[in-house]
Every structure is written in C-alpha cells, then in structure tokens.
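A.B. asks: Data file upload.cif (mmCIF, C-alpha atoms) is appended below.
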```cif
data_target
loop_
_atom_site.label_atom_id
_atom_site.label_comp_id
_atom_site.auth_asym_id
_atom_site.auth_seq_id
_atom_site.Cartn_x
_atom_site.Cartn_y
_atom_site.Cartn_z
CA MET A 22 -37.31 -2.64 -6.58
CA LEU A 23 -34.79 -2.47 -3.76
CA ASN A 24 -36.76 -5.03 -1.77
CA LEU A 25 -36.74 -7.52 -4.61
CA LEU A 26 -35.53 -10.92 -3.47
CA ILE A 27 -33.74 -13.31 -5.76
CA GLN A 28 -34.55 -16.90 -4.92
CA ILE A 29 -31.51 -19.16 -5.18
CA GLY A 30 -32.40 -22.61 -3.90
CA PHE A 31 -33.20 -22.23 -0.23
CA MET A 32 -31.31 -18.93 0.09
CA ASN A 33 -32.80 -15.43 -0.08
CA VAL A 34 -30.31 -13.02 -1.63
CA THR A 35 -31.16 -9.32 -1.66
CA ILE A 36 -29.68 -6.66 -3.88
CA TRP A 37 -27.78 -5.39 -0.80
CA ASP A 38 -26.09 -8.79 -0.46
CA LEU A 39 -24.91 -8.57 -4.06
CA LEU A 40 -23.70 -5.00 -3.51
CA ASP A 41 -21.87 -6.13 -0.37
CA VAL A 42 -20.06 -8.88 -2.31
CA LEU A 43 -19.14 -6.49 -5.13
CA ILE A 44 -17.71 -3.88 -2.74
CA VAL A 45 -15.68 -6.46 -0.82
CA GLY A 46 -14.44 -7.94 -4.09
CA TYR A 47 -13.37 -4.50 -5.33
CA LEU A 48 -11.54 -3.75 -2.07
CA LEU A 49 -9.74 -7.10 -2.19
CA TYR A 50 -8.71 -6.40 -5.78
CA GLN A 51 -7.29 -2.99 -4.79
CA ILE A 52 -5.40 -4.62 -1.90
CA TYR A 53 -3.98 -7.17 -4.34
CA LYS A 54 -2.85 -4.39 -6.72
CA LEU A 55 -1.13 -2.55 -3.86
CA LEU A 56 0.64 -5.62 -2.50
CA ARG A 57 1.46 -7.63 -5.61
CA GLY A 58 5.13 -8.12 -6.27
CA SER A 59 6.10 -7.12 -2.73
CA LEU A 60 7.07 -9.05 0.39
CA GLY A 61 3.93 -7.66 2.01
CA PHE A 62 1.82 -9.90 -0.25
CA ASN A 63 3.25 -13.04 1.36
CA ILE A 64 2.68 -11.56 4.82
CA PHE A 65 -0.92 -10.76 3.90
CA LEU A 66 -1.49 -14.33 2.70
CA GLY A 67 -0.06 -15.60 5.98
CA LEU A 68 -2.46 -13.46 7.99
CA VAL A 69 -5.41 -14.67 5.90
CA LEU A 70 -4.42 -18.29 6.48
CA ILE A 71 -4.15 -17.68 10.23
CA TYR A 72 -7.64 -16.13 10.25
CA ILE A 73 -9.07 -19.12 8.31
CA LEU A 74 -7.36 -21.52 10.75
CA TRP A 75 -8.81 -19.62 13.73
CA TRP A 76 -12.29 -19.81 12.18
CA VAL A 77 -11.93 -23.57 11.60
CA VAL A 78 -10.68 -24.41 15.11
CA SER A 79 -13.43 -22.27 16.62
CA ALA A 80 -16.06 -24.13 14.61
CA LEU A 81 -14.54 -27.48 15.66
CA GLY A 82 -14.66 -26.51 19.34
CA MET A 83 -10.94 -26.50 20.12
CA PRO A 84 -10.82 -23.93 22.94
CA LEU A 85 -7.06 -23.81 23.67
CA LEU A 86 -5.92 -23.31 20.07
CA SER A 87 -8.88 -21.04 19.41
CA THR A 88 -7.92 -18.81 22.35
CA ILE A 89 -4.27 -18.56 21.23
CA LEU A 90 -5.20 -17.68 17.67
CA GLY A 91 -7.95 -15.37 18.92
CA GLN A 92 -5.42 -13.33 20.89
CA PHE A 93 -3.34 -12.99 17.74
CA ILE A 94 -6.38 -11.96 15.68
CA SER A 95 -7.42 -9.36 18.29
CA VAL A 96 -4.23 -7.36 17.70
CA GLY A 97 -4.24 -8.08 14.00
CA MET A 98 -5.41 -4.59 12.98
CA ILE A 99 -2.58 -2.90 14.85
CA ALA A 100 -0.11 -5.38 13.36
CA LEU A 101 -1.47 -4.68 9.89
CA LEU A 102 -1.02 -0.92 10.33
CA ILE A 103 2.58 -1.42 11.46
CA VAL A 104 3.62 -4.01 8.88
CA PHE A 105 1.78 -2.44 5.95
CA GLN A 106 2.37 1.21 6.78
CA PRO A 107 3.67 2.11 3.27
CA GLU A 108 0.84 0.20 1.57
CA VAL A 109 -1.82 1.77 3.82
CA ARG A 110 -0.40 5.23 3.09
CA ARG A 111 -0.43 4.49 -0.64
CA PHE A 112 -4.05 3.29 -0.47
CA LEU A 113 -5.20 6.40 1.43
CA ILE A 114 -3.42 8.63 -1.10
CA PHE A 115 -5.14 6.71 -3.90
CA VAL A 116 -8.53 7.29 -2.26
CA GLY A 117 -7.91 10.95 -1.45
CA GLN A 118 -6.25 12.14 -4.66
CA GLY A 119 -7.68 12.39 -8.12
CA SER A 120 -11.13 11.32 -6.96
CA LEU A 121 -14.41 12.41 -8.47
CA HIS A 122 -15.42 14.48 -5.46
CA THR A 123 -12.18 16.49 -5.71
CA ARG A 124 -12.89 17.37 -9.29
CA PHE A 125 -16.49 18.18 -8.42
CA LEU A 126 -15.41 20.61 -5.69
CA GLU A 127 -12.91 22.23 -8.03
CA ARG A 128 -15.68 22.96 -10.47
CA ILE A 129 -18.01 24.20 -7.72
CA PHE A 130 -15.42 26.75 -6.58
CA GLY A 131 -14.54 27.79 -10.11
CA ARG A 132 -11.19 26.00 -10.27
CA ASP A 133 -11.59 24.39 -13.66
CA LEU A 134 -8.12 23.09 -14.45
CA ASN A 135 -8.92 21.86 -17.94
CA ARG A 136 -7.00 23.70 -20.61
CA SER A 137 -8.34 24.61 -23.98
CA SER A 138 -7.91 21.92 -26.58
CA GLN A 139 -5.43 23.94 -28.63
CA GLN A 140 -3.30 24.82 -25.60
CA LYS A 141 -3.16 21.18 -24.57
CA GLU A 142 -2.13 20.14 -28.09
CA ASN A 143 0.74 22.64 -28.04
CA LEU A 144 1.99 21.45 -24.66
CA VAL A 145 1.86 17.83 -25.74
CA LYS A 146 3.74 18.58 -28.96
CA GLU A 147 6.53 20.36 -27.07
CA ILE A 148 7.01 17.50 -24.60
CA VAL A 149 6.86 14.80 -27.28
CA LYS A 150 9.29 16.77 -29.45
CA ALA A 151 11.79 16.91 -26.59
CA ALA A 152 11.30 13.21 -25.81
CA GLU A 153 11.85 12.28 -29.46
CA LYS A 154 15.13 14.19 -29.58
CA MET A 155 16.35 12.72 -26.29
CA SER A 156 15.39 9.23 -27.44
CA GLU A 157 17.39 9.65 -30.66
CA GLU A 158 20.45 10.92 -28.79
CA LYS A 159 19.99 8.45 -25.88
CA THR A 160 19.78 11.24 -23.33
CA GLY A 161 18.45 9.95 -20.02
CA ALA A 162 15.40 11.79 -18.70
CA LEU A 163 12.66 11.50 -16.10
CA LEU A 164 9.52 13.63 -16.46
CA LEU A 165 6.89 13.65 -13.73
CA ILE A 166 3.42 14.99 -14.60
CA SER A 167 1.75 15.94 -11.34
CA SER A 168 -1.87 15.94 -12.63
CA GLY A 169 -3.14 17.50 -9.40
CA SER A 170 -0.97 15.46 -7.03
CA ASN A 171 0.58 17.14 -4.04
CA LEU A 172 4.28 16.82 -4.87
CA GLU A 173 5.48 19.87 -2.96
CA GLY A 174 7.63 17.63 -0.78
CA TYR A 175 9.77 16.80 -3.79
CA TYR A 176 10.20 20.39 -4.97
CA SER A 177 12.53 21.24 -2.11
CA SER A 178 14.99 18.54 -3.21
CA GLY A 179 15.40 20.18 -6.62
CA VAL A 180 15.65 23.60 -8.26
CA MET A 181 12.51 25.66 -8.79
CA ILE A 182 11.99 26.60 -12.44
CA ASN A 183 8.39 27.85 -12.86
CA ALA A 184 8.77 28.29 -16.61
CA GLU A 185 6.53 27.65 -19.60
CA ILE A 186 6.84 24.23 -21.19
CA SER A 187 9.04 24.15 -24.28
CA ALA A 188 11.07 21.50 -26.03
CA GLN A 189 14.18 23.68 -25.94
CA LEU A 190 14.00 24.12 -22.18
CA LEU A 191 13.47 20.42 -21.54
CA LEU A 192 16.41 19.55 -23.79
CA SER A 193 18.56 22.07 -21.94
CA ILE A 194 17.59 20.65 -18.54
CA PHE A 195 18.37 17.05 -19.49
CA SER A 196 21.51 17.83 -21.48
CA LYS A 197 24.38 15.70 -20.18
CA THR A 198 26.39 18.87 -19.55
CA SER A 199 23.59 20.50 -17.54
CA PRO A 200 23.85 20.52 -13.73
CA LEU A 201 20.10 19.77 -13.62
CA HIS A 202 20.07 16.61 -15.74
CA ASP A 203 20.16 14.26 -12.74
CA GLY A 204 16.87 13.67 -10.99
CA ALA A 205 13.32 14.32 -12.15
CA THR A 206 11.73 17.35 -13.77
CA ILE A 207 8.22 17.99 -12.46
CA ILE A 208 5.53 19.44 -14.72
CA SER A 209 2.58 20.86 -12.82
CA ASP A 210 -0.40 22.61 -14.40
CA LYS A 211 1.05 24.36 -17.45
CA THR A 212 4.60 24.98 -16.23
CA ILE A 213 7.86 23.20 -15.62
CA THR A 214 7.77 23.58 -11.85
CA ALA A 215 11.09 22.11 -10.72
CA ALA A 216 14.09 20.18 -12.00
CA SER A 217 16.73 17.87 -10.54
CA CYS A 218 14.25 16.56 -7.94
CA VAL A 219 15.08 13.47 -5.88
CA LEU A 220 12.34 10.83 -5.92
CA PRO A 221 11.84 7.72 -3.75
CA VAL A 222 13.16 4.54 -5.36
CA SER A 223 10.91 1.49 -5.30
CA ASP A 224 12.34 -1.59 -3.61
CA ARG A 225 9.87 -4.06 -5.11
CA PRO A 226 11.62 -7.37 -5.90
CA ASP A 227 9.60 -7.97 -9.10
CA ILE A 228 11.09 -5.00 -10.98
CA PRO A 229 13.23 -6.24 -13.91
CA GLN A 230 16.94 -6.07 -13.17
CA GLN A 231 17.72 -4.19 -16.37
CA LEU A 232 15.74 -1.15 -15.23
CA GLY A 233 17.91 1.56 -13.72
CA LEU A 234 17.41 4.16 -11.01
CA ARG A 235 15.28 6.44 -13.21
CA HIS A 236 12.77 3.68 -13.85
CA ARG A 237 12.75 2.61 -10.19
CA ALA A 238 12.25 6.21 -9.09
CA ALA A 239 9.34 6.56 -11.55
CA ILE A 240 7.74 3.42 -10.14
CA GLY A 241 8.38 4.55 -6.56
CA VAL A 242 6.79 8.00 -6.88
CA THR A 243 3.77 6.73 -8.82
CA GLU A 244 3.20 4.10 -6.12
CA THR A 245 2.56 6.84 -3.56
CA SER A 246 0.80 9.44 -5.73
CA ASN A 247 -1.53 9.69 -8.71
CA ALA A 248 1.18 11.37 -10.78
CA VAL A 249 2.44 9.78 -14.00
CA ALA A 250 6.02 9.55 -15.22
CA PHE A 251 7.81 9.28 -18.55
CA ILE A 252 11.33 7.90 -18.70
CA VAL A 253 13.89 8.03 -21.51
CA SER A 254 16.52 5.32 -21.17
CA GLU A 255 20.12 6.46 -21.39
CA GLU A 256 21.20 2.98 -22.56
CA SER A 257 18.59 2.18 -25.22
CA GLY A 258 16.79 5.46 -25.86
CA GLN A 259 13.45 3.70 -25.26
CA ILE A 260 10.60 5.67 -23.72
CA SER A 261 8.71 4.14 -20.78
CA PHE A 262 5.55 5.15 -18.94
CA ALA A 263 4.79 4.67 -15.22
CA ARG A 264 1.44 5.01 -13.45
CA ARG A 265 0.23 3.67 -10.09
CA GLY A 266 3.41 1.66 -9.64
CA ASP A 267 3.12 -0.08 -13.01
CA ILE A 268 5.56 0.56 -15.85
CA THR A 269 5.10 0.09 -19.59
CA GLN A 270 8.34 -0.04 -21.53
CA ASN A 271 9.17 0.97 -25.09
CA ILE A 272 6.08 3.03 -25.88
CA THR A 273 5.79 4.87 -29.20
CA LEU A 274 5.62 8.63 -29.62
CA ASP A 275 1.95 8.33 -30.59
CA GLN A 276 1.24 6.40 -27.39
CA MET A 277 3.14 9.02 -25.39
CA SER A 278 1.06 11.77 -26.99
CA LYS A 279 -2.21 10.08 -26.04
CA LEU A 280 -1.03 9.41 -22.47
CA LEU A 281 0.10 13.02 -22.10
CA LYS A 282 -3.29 14.33 -23.21
CA LYS A 283 -4.93 12.28 -20.46
CA ALA A 284 -2.36 13.35 -17.87
CA LEU A 285 -2.64 17.06 -18.69
#
```
Can you give me the file's structure in the form of structure tokens?
C.D. replies:
Amino acid sequence: MLNLLIQIGFMNVTIWDLLDVLIVGYLLYQIYKLLRGSLGFNIFLGLVLIYILWWVVSALGMPLLSTILGQFISVGMIALLIVFQPEVRRFLIFVGQGSLHTRFLERIFGRDLNRSSQQKENLVKEIVKAAEKMSEEKTGALLLISSGSNLEGYYSSGVMINAEISAQLLLSIFSKTSPLHDGATIISDKTITAASCVLPVSDRPDIPQQLGLRHRAAIGVTETSNAVAFIVSEESGQISFARRGDITQNITLDQMSKLLKKAL
C-alpha cells in the first residue's frame, strides 16, 4: 500500500520519503561520477560547504553573515551553470542519449537497429581480427563505436568512408604509411563511417601520465557522448577500452569481443 507508514521511533516515514532519498542519492552519485578527478569536484565541495555554513548561521540567528551568504546562494544556480558548463552538458547528453525511451520510440516507429546474431558475430570478428594484428605489430589505432550517439560534428574533421566493416580496410586505414592513420575511425551502425577524425582531448588531471593523445581523446569523447572507444597503443601494443570517461587498460581479445557485442 502506497499509504503505508513505517514507524521509526517518533518519525513517520512514507514510501515517498524513501523514494525521495533514493532519487537524491542517485543524482548525487551521478554528479560525483561526472566531477570526480576534475578541478570542478573541489569547486563543488566548496559550494556545498558554503551552503552548509549558510544554513548553520541562519539557524543560529546571525543576520549579517546570513545575509551575505544568502546573497551568494541566491546566484548559486547561475554560477553553477557557468562554472560547470562542460559537466552540465555532459550530464544532459547522458540523460538524452541511449535512454530507454529513445529505444522504445525507435521500436514504435519501426527503427529496430539490432542486427541479426550472425551478422553481429561477423562484424565483431572482423574488428577483433584487425585489433589483434595491430596489437602484434604495435600499430596505433583509435576506434570509436557510435552506438546511436550523434557524432556528426566529428565527421567533418575527417574523411568520409561509408564502407562495410572489414579487417583489411581497418588495417589499411591505420597503417603507418596511410594518410588516414592519425585521428579516430568512427564505426556507426554497420559501416565504417569516417576516418582520421579529430576528437576532443580530456584535460582531467587524474589521467595517468603514460597515456598518450589517443587515450586522452578516447576519454574526452566518451565523456561527452555515450559512444565507446577502443585504443591500440603504439608503444606497448596493449588494447584499452573507454566508456563514459573511464578507461580500462590492457584488455584481452575475448574481453574486447564481449564489449563489442554490447556496443553493436
């Protein structure tokens, strides 16, 4: 029953109170994920401390300090939008892209993007085959799987390909003698959409120093979209995986295969 009350001491807690706490907790966790490792996290903590201080001085009846802090709090939302503009944009993209309602609408209008199981297996095998060869030869590569993200803004910085996925084509693109080997190759739907695309580089201070521009670009683009990225290191040949601004280094080919199946 929705009107059921849970008696806790002298407090009456309804199911809506519990739901309220859970939603706020989830939102705070998402804010933490967006801000962790960045300078914005320290700024956010500072704003929280100021709000707590304002609440305390108001409760203690200190009108002068309460008024000063209250004026700061009143413009806090505008300040947050200005200071955290990249993080707010990233959060809105996270909410708007790859959500359940988007997939539901796609099915309603007959836009079922799921491939047949056999077709998906073939695509995964071709990509993994190319990654294995590049890893053995220590050929640097950056593959971006769009998975429904709107990455059209990055296409213009590269060369449009619009070709079927094949290991031979990927190896040709990332060959050290190819003019397209620099930058990212974007795979969208069932085609190699574009190559040699320029991606935003993350400036987060917590990124390990040994990671190069390819890894930082993979982190940067996955911070602002729900795309995933695979990186082959030119120095070590290790394969890494980036998603939502997080990077996992030195994954196996089996792990890559499983991640690709989810992404495609």
A.B. asks: Since I can't run it myself right now, could you work out what the PyMOL selection byres ((chain A and resi 284) around 8) selects here and report it as a list of chain:residue names?
C.D. replies: A:Ile166, A:Ser168, A:Val249, A:Leu280, A:Leu281, A:Lys282, A:Lys283, A:Leu285
A.B. asks: Record the distance separating CA of Ser156 in chain A and CA of Gln259 in chain A, expressed in Å with one decimal.
C.D. replies: 6.3 Å
A.B. asks: Let me make sure I understand: among A:Gln140, A:Gln189, A:Gln92, A:Gln230, which one has the smallest atom-to-atom distance to Lys154 in chain A if we use all atoms listed in the file?
C.D. replies: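 Of the candidates, the smallest distance to Lys154 in chain A is held by A:Gln189.
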A.B. asks: Hey, can you check how far CA of Ile182 in chain A sits from CA of Thr198 in chain A?
C.D. replies: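 Result for CA of Ile182 in chain A versus CA of Thr198 in chain A: 17.8 Å, one decimal.
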A.B. asks: Using only C-alpha atoms, which residues sit within 10 Å of Lys150 in chain A once same-chain residues fewer than 2 positions away are excluded, as a ChimeraX atom specification?
C.D. replies: /A:144-148,152-156,187-189,191-192,274,278
A.B. asks: As a PyMOL selection string, please: the residues near range 267-273 of chain A (cut-off 10 Å, all atoms listed in the file, same-chain neighbours under 2 positions excluded).
C.D. replies: chain A and resi 54+153+228+232+236-237+239-241+243-244+249-254+257-265+275-278
A.B. asks: What are the centre and edge lengths in Å, to one decimal, of the axis-aligned box around all listed atoms of range 68-76 of chain A with 6 Å added on each side, as JSON?
C.D. replies:
```
{"center_x": -7.4, "center_y": -17.5, "center_z": 9.8, "size_x": 21.8, "size_y": 20.1, "size_z": 19.8}
```
A.B. asks: Please write the residues picked by the PyMOL selection byres ((chain A and resi 195) around 10) on this file as a list of chain:residue names.
C.D. replies: A:Ala151, A:Met155, A:Thr160, A:Gly161, A:Ala162, A:Leu163, A:Leu164, A:Leu190, A:Leu191, A:Leu192, A:Ser193, A:Ile194, A:Ser196, A:Lys197, A:Thr198, A:Ser199, A:Pro200, A:Leu201, A:His202, A:Asp203, A:Gly204, A:Ala205, A:Thr206, A:Ala216, A:Ser217
A.B. asks: Go ahead and write the residues just picked, C-alpha atoms, as a CSV table (one decimal), in the coordinates of the input.
C.D. replies:
```
chain,number,residue,atom,x,y,z
A,151,ALA,CA,11.8,16.9,-26.6
A,155,MET,CA,16.4,12.7,-26.3
A,160,THR,CA,19.8,11.2,-23.3
A,161,GLY,CA,18.4,10.0,-20.0
A,162,ALA,CA,15.4,11.8,-18.7
A,163,LEU,CA,12.7,11.5,-16.1
A,164,LEU,CA,9.5,13.6,-16.5
A,190,LEU,CA,14.0,24.1,-22.2
A,191,LEU,CA,13.5,20.4,-21.5
A,192,LEU,CA,16.4,19.6,-23.8
A,193,SER,CA,18.6,22.1,-21.9
A,194,ILE,CA,17.6,20.6,-18.5
A,196,SER,CA,21.5,17.8,-21.5
A,197,LYS,CA,24.4,15.7,-20.2
A,198,THR,CA,26.4,18.9,-19.6
A,199,SER,CA,23.6,20.5,-17.5
A,200,PRO,CA,23.8,20.5,-13.7
A,201,LEU,CA,20.1,19.8,-13.6
A,202,HIS,CA,20.1,16.6,-15.7
A,203,ASP,CA,20.2,14.3,-12.7
A,204,GLY,CA,16.9,13.7,-11.0
A,205,ALA,CA,13.3,14.3,-12.2
A,206,THR,CA,11.7,17.4,-13.8
A,216,ALA,CA,14.1,20.2,-12.0
A,217,SER,CA,16.7,17.9,-10.5
```
A.B. asks: Under the PyMOL selection byres ((chain A and resi 75) around 10), which residues of this model are included? Write them out as a PyMOL selection string.
C.D. replies: chain A and resi 69-74+76-81+83+86-91+93-94
A.B. asks: Distance CA of Lys211 in chain A-CA of Tyr175 in chain A, one decimal place?
C.D. replies: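 About the pair CA of Lys211 in chain A and CA of Tyr175 in chain A: they are 17.9 Å apart.
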